[in-house]
Structures are given as C-alpha cells and as structure tokens.
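Student: To be precise about what I am sending: the file is called run01.txt and holds compact mmCIF, C-alpha atoms and all ligand atoms.
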```txt
# COMPACT_ATOMS: atom_id res chain seq x y z
CA MET T 57 59.71 -3.17 -29.89
CA CYS T 58 58.38 -0.65 -27.36
CA THR T 59 54.87 -1.34 -25.94
CA ASP T 60 52.60 1.56 -24.90
CA LYS T 61 53.14 0.67 -21.22
CA SER T 62 56.92 0.55 -21.42
CA PHE T 63 56.92 3.82 -23.39
CA ILE T 64 54.86 5.53 -20.63
CA LEU T 65 57.21 4.10 -17.97
CA LEU T 66 60.19 5.45 -19.88
CA ILE T 67 58.61 8.93 -20.09
CA LEU T 68 57.84 8.85 -16.34
CA LEU T 69 61.42 7.83 -15.57
CA LEU T 70 62.90 10.61 -17.71
CA HIS T 71 60.50 13.11 -16.12
CA SER T 72 61.51 12.14 -12.58
CA VAL T 73 65.25 12.21 -13.40
CA TYR T 74 64.80 15.71 -14.87
CA ASN T 75 62.85 16.90 -11.81
CA LEU T 76 65.42 15.36 -9.46
CA GLU T 77 68.16 17.39 -11.14
CA LYS T 78 66.03 20.55 -10.96
CA THR T 79 65.29 19.92 -7.28
CA SER T 80 68.94 19.40 -6.40
CA GLU T 81 69.86 22.74 -8.03
CA VAL T 82 67.14 24.42 -5.95
CA GLU T 83 68.35 22.62 -2.81
CA LYS T 84 71.92 23.77 -3.45
CA ALA T 85 70.67 27.34 -3.81
CA GLN T 86 68.66 27.14 -0.56
CA THR T 87 71.62 25.81 1.43
CA ALA T 88 74.07 28.29 -0.08
CA SER T 89 71.89 31.26 0.78
CA LYS T 90 72.61 30.66 4.48
CA ASP T 91 76.33 31.47 4.26
CA LYS T 92 76.60 34.13 1.61
CA GLN T 93 79.51 36.00 3.26
CA GLN T 94 81.87 33.00 3.21
CA THR T 95 84.59 32.45 0.63
CA THR T 96 83.44 30.25 -2.20
CA ILE T 97 84.72 27.69 -4.65
CA PHE T 98 85.17 30.54 -7.16
CA ASP T 99 87.79 32.15 -4.87
CA LYS T 100 89.69 28.86 -5.11
CA ILE T 101 89.36 28.86 -8.90
CA ILE T 102 90.71 32.45 -9.02
CA SER T 103 93.68 31.53 -6.81
CA LYS T 104 94.20 28.29 -8.85
CA GLU T 105 93.81 26.19 -5.72
CA ILE T 106 91.35 24.10 -7.70
CA PRO T 107 91.35 23.63 -11.46
CA ALA T 108 88.71 24.91 -13.86
CA ASP T 109 88.35 24.91 -17.62
CA ILE T 110 89.43 28.55 -17.99
CA ILE T 111 88.65 30.22 -21.31
CA TYR T 112 89.68 33.79 -20.53
CA GLU T 113 91.60 35.63 -17.83
CA ASP T 114 92.86 39.15 -17.21
CA ASP T 115 93.63 41.18 -14.08
CA LYS T 116 89.95 41.93 -13.40
CA CYS T 117 87.94 38.92 -14.52
CA LEU T 118 87.93 35.23 -15.26
CA ALA T 119 85.76 33.09 -17.55
CA PHE T 120 85.47 29.30 -17.34
CA ASN T 121 83.16 26.56 -18.53
CA ASP T 122 80.40 25.57 -16.11
CA VAL T 123 81.04 22.16 -14.55
CA ASN T 124 77.34 21.27 -14.89
CA PRO T 125 76.36 22.74 -18.27
CA GLN T 126 72.70 23.49 -18.94
CA ALA T 127 73.26 24.03 -22.68
CA PRO T 128 75.87 22.89 -25.24
CA VAL T 129 77.80 26.09 -24.45
CA HIS T 130 77.61 27.27 -20.82
CA PHE T 131 80.34 29.34 -19.26
CA LEU T 132 80.64 31.83 -16.43
CA VAL T 133 82.25 35.25 -16.27
CA ILE T 134 83.24 36.35 -12.77
CA PRO T 135 85.03 39.34 -11.23
CA LYS T 136 88.29 38.62 -9.42
CA GLN T 137 87.26 40.99 -6.64
CA ARG T 138 84.77 39.52 -4.21
CA ILE T 139 81.22 40.66 -4.85
CA PRO T 140 78.80 38.10 -3.35
CA MET T 141 75.76 38.82 -5.49
CA LEU T 142 73.99 41.31 -7.72
CA ASP T 143 72.30 42.80 -4.65
CA SER T 144 75.75 43.73 -3.27
CA VAL T 145 76.78 45.74 -6.34
CA LYS T 146 77.41 49.40 -5.51
CA ASP T 147 77.67 52.54 -7.63
CA SER T 148 81.46 52.26 -7.29
CA ASP T 149 81.29 48.84 -9.04
CA LYS T 150 80.08 50.37 -12.33
CA ASP T 151 83.39 49.79 -14.12
CA ILE T 152 83.73 46.13 -13.15
CA MET T 153 80.07 45.49 -14.06
CA ALA T 154 80.61 47.02 -17.50
CA GLU T 155 83.82 44.99 -17.85
CA LEU T 156 81.99 41.71 -17.05
CA VAL T 157 79.11 42.32 -19.43
CA LEU T 158 81.43 43.34 -22.27
CA ARG T 159 83.68 40.34 -21.65
CA ALA T 160 80.62 38.06 -21.70
CA GLN T 161 79.50 39.67 -24.97
CA LYS T 162 82.95 39.29 -26.60
CA LEU T 163 83.33 35.62 -25.61
CA ALA T 164 79.72 34.84 -26.56
CA LYS T 165 80.03 36.51 -29.98
CA GLU T 166 83.04 34.29 -30.78
CA ARG T 167 81.35 31.09 -29.63
CA LEU T 168 77.66 31.65 -30.25
CA PRO T 169 77.04 33.50 -33.51
CA ASN T 170 73.36 32.49 -33.58
CA GLY T 171 72.41 33.96 -30.22
CA TYR T 172 72.83 33.39 -26.52
CA ARG T 173 71.53 34.35 -23.10
CA LEU T 174 73.13 36.07 -20.11
CA VAL T 175 71.75 35.15 -16.68
CA ILE T 176 72.56 36.39 -13.18
CA ASN T 177 70.86 34.37 -10.45
CA ASN T 178 70.37 36.46 -7.30
CA GLY T 179 69.52 35.04 -3.87
CA LYS T 180 67.52 32.05 -2.74
CA GLN T 181 64.48 32.35 -4.99
CA GLY T 182 66.74 33.40 -7.86
CA CYS T 183 68.43 30.00 -7.44
CA GLN T 184 71.90 31.36 -6.65
CA SER T 185 74.12 28.60 -5.26
CA VAL T 186 77.57 30.25 -5.32
CA TYR T 187 77.85 33.58 -3.52
CA HIS T 188 80.48 35.11 -5.77
CA LEU T 189 78.84 37.23 -8.48
CA HIS T 190 78.81 35.47 -11.86
CA ILE T 191 77.19 35.87 -15.24
CA HIS T 192 76.04 32.66 -16.91
CA ILE T 193 76.35 32.63 -20.70
CA LEU T 194 74.26 29.93 -22.32
CA GLY T 195 73.67 28.93 -25.92
CA GLY T 196 74.28 26.42 -28.68
CA ARG T 197 70.65 25.30 -28.84
CA GLN T 198 67.25 26.96 -29.13
CA LEU T 199 66.56 28.31 -25.64
CA GLY T 200 63.01 28.45 -24.29
CA TRP T 201 61.17 31.23 -22.52
CA PRO T 202 60.16 31.72 -19.74
CA PRO T 203 62.92 29.99 -17.73
CA GLY T 204 61.75 27.70 -14.89
P1 LIG A 1 74.31 29.79 -9.54
O1 LIG A 1 73.32 28.70 -9.28
O2 LIG A 1 73.77 30.90 -10.40
O3 LIG A 1 74.94 30.29 -8.27
O4 LIG A 1 75.43 29.14 -10.42
C1 LIG A 1 76.57 28.52 -9.94
C2 LIG A 1 77.15 27.75 -11.09
O5 LIG A 1 78.47 27.41 -10.78
C3 LIG A 1 76.40 26.46 -11.39
O6 LIG A 1 75.94 26.48 -12.73
C4 LIG A 1 77.46 25.38 -11.15
O7 LIG A 1 77.35 24.31 -12.05
C5 LIG A 1 78.75 26.17 -11.36
N1 LIG A 1 79.90 25.60 -10.68
C6 LIG A 1 79.99 25.23 -9.38
N2 LIG A 1 81.23 24.78 -9.11
C7 LIG A 1 81.95 24.88 -10.26
C8 LIG A 1 83.29 24.58 -10.64
N3 LIG A 1 84.16 24.06 -9.76
N4 LIG A 1 83.66 24.80 -11.91
C9 LIG A 1 82.78 25.33 -12.80
N5 LIG A 1 81.51 25.64 -12.51
C10 LIG A 1 81.09 25.42 -11.26
```
In structure tokens, write the structure found in this file.
Ligand code: AMP
Tutor:
Amino acid sequence: MCTDKSFILLILLLHSVYNLEKTSEVEKAQTASKDKQQTTIFDKIISKEIPADIIYEDDKCLAFNDVNPQAPVHFLVIPKQRIPMLDSVKDSDKDIMAELVLRAQKLAKERLPNGYRLVINNGKQGCQSVYHLHIHILGGRQLGWPPG
C-alpha cells in the first residue's frame, strides 16, 4: 500500500529523472554546437561504418529509427549530401529539401495514419545535437503543444 509520503517521493523521483534526461539532451546540443563543421555520426551511418535501424534508403536520402525515441514511432530522414543544418540550406538545395519532406510524408503516412509531427532542430537554442540536417518524424501517441 502506498502512503501519501511515499507517493510524493515517487513523483519527485520521476520528475527529477525526466528533467535529467531533458537536461542531458540540452547539454548534448550545447556541446555539439561548438563543432558544427565536423563530420558526424550520421556520415558514418550513411557510409555503413556504424549500424542503424534503416527503414528507407535511396541515392539521395536515408531514413532510420532514432536511437533514443521520444515517441512510440520516432525516425529521422536525412540527406546523403552533407548539409549541417537548416540555416545552411541554400536556394540550390530546393530539390533535396522537397525530396526529404516528401519522403518523411510517405513514410509517416504508412506508419502513422492518425497523425504525426515533423521537427527540424536548428542550432544551440533549437536543441540540435547532430550537425547533419535531419527531419524528426514523431507519432504513435497524442503529442502535446507547445513543445518544451
Ligand atoms: P537533434 O537533437 O535534433 O540534433 O537530433 C539528433 C537525434 O539523433 C537525436 O534524437 C538522437 O537520439 C539521434 N541519434 C544520435 N545518434 C544516433 C544513432 N546512432 N542512431 C540513430 N539515432 C541517433
């Protein structure tokens, strides 16, 4: 049987674990923002130097499940060419940007018939931790708004 005190302690524990996870994501983003021109772990996934749970691949883009999912379905769509972040996208990247969004839409429609969200984190305050452009696709539960 749970007493009031132990229930409050449990809530406090869950709250601090949740905040710890949030903080570490923010910390990762703050560290990563210092070396945004370097090659990233996504380059190694593209070259198959390291494994990933790949769900789609063609000559221009790659989609794989996020290793640290924030929703029951959470995958990433990335370009094979190196574009560090949304801020780096140029007019000449229009075709690849359209390709990525349409690929995200196609994969999401198959997996998430009840709705989903596309996210692009950009820069330090946008909480970007990997400096290779990527679209997050999240769904499989009721998402809240606004995001944190
Ligand atoms: P962002 O914070 O927007 O830069 O997102 C980077 C995402 O990449 C995070 O959600 C990470 O969990 C994810 N990630 C990092 N390394 C890997 C990996 N090896 N395989 C799959 N996802 C990864």
Student: Restricting the calculation to all atoms listed in the file: of T:Lys180, T:Lys150, T:Arg167, T:His190, which residue gets closest to T:Leu132?
Tutor: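 Once distances to T:Leu132 are computed over all atoms listed in the file, the minimum belongs to T:His190.
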Student: Every residue with an atom at most 12 Å from (84.3, 31.1, -2.8) (file coordinates; only C-alpha atoms) is what I'm after, so could you write them as a PyMOL selection string?
Tutor: chain T and resi 88+91-106+134-141+185-190
Student: Those selected residues, please, written with C-alpha atoms and delivered as a PDB file, in the frame of the given file.
Tutor:
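Output saved as selection_0.pdb:
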```
ATOM      1  CA  ALA T  88      74.070  28.290  -0.080  1.00  0.00           C
ATOM      2  CA  ASP T  91      76.330  31.470   4.260  1.00  0.00           C
ATOM      3  CA  LYS T  92      76.600  34.130   1.610  1.00  0.00           C
ATOM      4  CA  GLN T  93      79.510  36.000   3.260  1.00  0.00           C
ATOM      5  CA  GLN T  94      81.870  33.000   3.210  1.00  0.00           C
ATOM      6  CA  THR T  95      84.590  32.450   0.630  1.00  0.00           C
ATOM      7  CA  THR T  96      83.440  30.250  -2.200  1.00  0.00           C
ATOM      8  CA  ILE T  97      84.720  27.690  -4.650  1.00  0.00           C
ATOM      9  CA  PHE T  98      85.170  30.540  -7.160  1.00  0.00           C
ATOM     10  CA  ASP T  99      87.790  32.150  -4.870  1.00  0.00           C
ATOM     11  CA  LYS T 100      89.690  28.860  -5.110  1.00  0.00           C
ATOM     12  CA  ILE T 101      89.360  28.860  -8.900  1.00  0.00           C
ATOM     13  CA  ILE T 102      90.710  32.450  -9.020  1.00  0.00           C
ATOM     14  CA  SER T 103      93.680  31.530  -6.810  1.00  0.00           C
ATOM     15  CA  LYS T 104      94.200  28.290  -8.850  1.00  0.00           C
ATOM     16  CA  GLU T 105      93.810  26.190  -5.720  1.00  0.00           C
ATOM     17  CA  ILE T 106      91.350  24.100  -7.700  1.00  0.00           C
ATOM     18  CA  ILE T 134      83.240  36.350 -12.770  1.00  0.00           C
ATOM     19  CA  PRO T 135      85.030  39.340 -11.230  1.00  0.00           C
ATOM     20  CA  LYS T 136      88.290  38.620  -9.420  1.00  0.00           C
ATOM     21  CA  GLN T 137      87.260  40.990  -6.640  1.00  0.00           C
ATOM     22  CA  ARG T 138      84.770  39.520  -4.210  1.00  0.00           C
ATOM     23  CA  ILE T 139      81.220  40.660  -4.850  1.00  0.00           C
ATOM     24  CA  PRO T 140      78.800  38.100  -3.350  1.00  0.00           C
ATOM     25  CA  MET T 141      75.760  38.820  -5.490  1.00  0.00           C
ATOM     26  CA  SER T 185      74.120  28.600  -5.260  1.00  0.00           C
ATOM     27  CA  VAL T 186      77.570  30.250  -5.320  1.00  0.00           C
ATOM     28  CA  TYR T 187      77.850  33.580  -3.520  1.00  0.00           C
ATOM     29  CA  HIS T 188      80.480  35.110  -5.770  1.00  0.00           C
ATOM     30  CA  LEU T 189      78.840  37.230  -8.480  1.00  0.00           C
ATOM     31  CA  HIS T 190      78.810  35.470 -11.860  1.00  0.00           C
TER      32      HIS T 190
END
```
Student: With only C-alpha atoms and all ligand atoms as the basis for distance, which of T:Gly171, T:Gly182, T:Pro128, T:Gly204 is at the shortest distance from ligand LIG 1 (chain A)?
Tutor: T:Gly182
Student: Name the residues in contact with T:Tyr172 at a cut-off of 7 Å, using only C-alpha atoms, excluding same-chain residues fewer than 6 positions from it; report them as a compact mmCIF listing (two decimals) with C-alpha atoms, keeping the file's coordinate frame.
Tutor:
```txt
# COMPACT_ATOMS: atom_id res chain seq x y z
CA ILE T 193 76.35 32.63 -20.70
CA LEU T 194 74.26 29.93 -22.32
CA GLY T 195 73.67 28.93 -25.92
```
Student: Could you pull out the residues sitting within 6 Å of ligand LIG 1 (chain A), using only C-alpha atoms and all ligand atoms, and write them as a PyMOL selection string?
Tutor: chain T and resi 108+121-124+177+183-186
Student: Can you write just those residues out, C-alpha atoms, as a PDB file, in the frame of the given file?
Tutor:
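What ended up in selection25.pdb:
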```pdb
ATOM      1  CA  ALA T 108      88.710  24.910 -13.860  1.00  0.00           C
ATOM      2  CA  ASN T 121      83.160  26.560 -18.530  1.00  0.00           C
ATOM      3  CA  ASP T 122      80.400  25.570 -16.110  1.00  0.00           C
ATOM      4  CA  VAL T 123      81.040  22.160 -14.550  1.00  0.00           C
ATOM      5  CA  ASN T 124      77.340  21.270 -14.890  1.00  0.00           C
ATOM      6  CA  ASN T 177      70.860  34.370 -10.450  1.00  0.00           C
ATOM      7  CA  CYS T 183      68.430  30.000  -7.440  1.00  0.00           C
ATOM      8  CA  GLN T 184      71.900  31.360  -6.650  1.00  0.00           C
ATOM      9  CA  SER T 185      74.120  28.600  -5.260  1.00  0.00           C
ATOM     10  CA  VAL T 186      77.570  30.250  -5.320  1.00  0.00           C
TER      11      VAL T 186
END
```
Student: For T:Val133, which residue among T:Asp147, T:Asp115, T:Glu83, T:Glu155 is the nearest when counting only C-alpha atoms?
Tutor: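 With only C-alpha atoms as the atom set, the closest residue is T:Glu155.
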Student: Between atom CA of T:Lys162 and atom CA of T:Ala119, what is the distance, to one decimal in Å?
Tutor: 11.3 Å
Student: Record the distance separating atom CA of T:Phe131 and atom CA of T:Arg173, expressed in Å with one decimal.
Tutor: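 Interatomic distance here is 10.8 Å.
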Student: Which residues are near T:Asn170? Cut-off 10 Å, only C-alpha atoms, ignore same chain within fewer than 3 positions. Put them as a list in words.
Tutor: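 Listing them by chain and then by number gives Ala164, Lys165, Arg167, Gly195, Gly196, Arg197 and Gln198 of chain T.
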Student: Could you tell me which of T:Leu156, T:Asp149, T:Thr87, T:His192 comes closest to T:His130 if we count all atoms listed in the file?
Tutor: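 Closest residue, counting all atoms listed in the file: T:His192.
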Student: Report the distance between atom CA of T:Leu174 and atom CA of T:Ile191 in Å, rounded to one decimal place.
Tutor: 6.3 Å
Student: Can you work out which one of T:Asp109, T:Val82, T:Pro202, T:Val157 has the shortest atom-to-atom distance to T:Gly179, counting only C-alpha atoms?
Tutor: T:Val82
Student: Considering all atoms listed in the file, state which residue in the set T:Pro107, T:Cys117, T:Gly200, T:Val129 is at the smallest distance from T:Leu158.
Tutor: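 Looking only at the distances to T:Leu158, the closest residue turns out to be T:Cys117.
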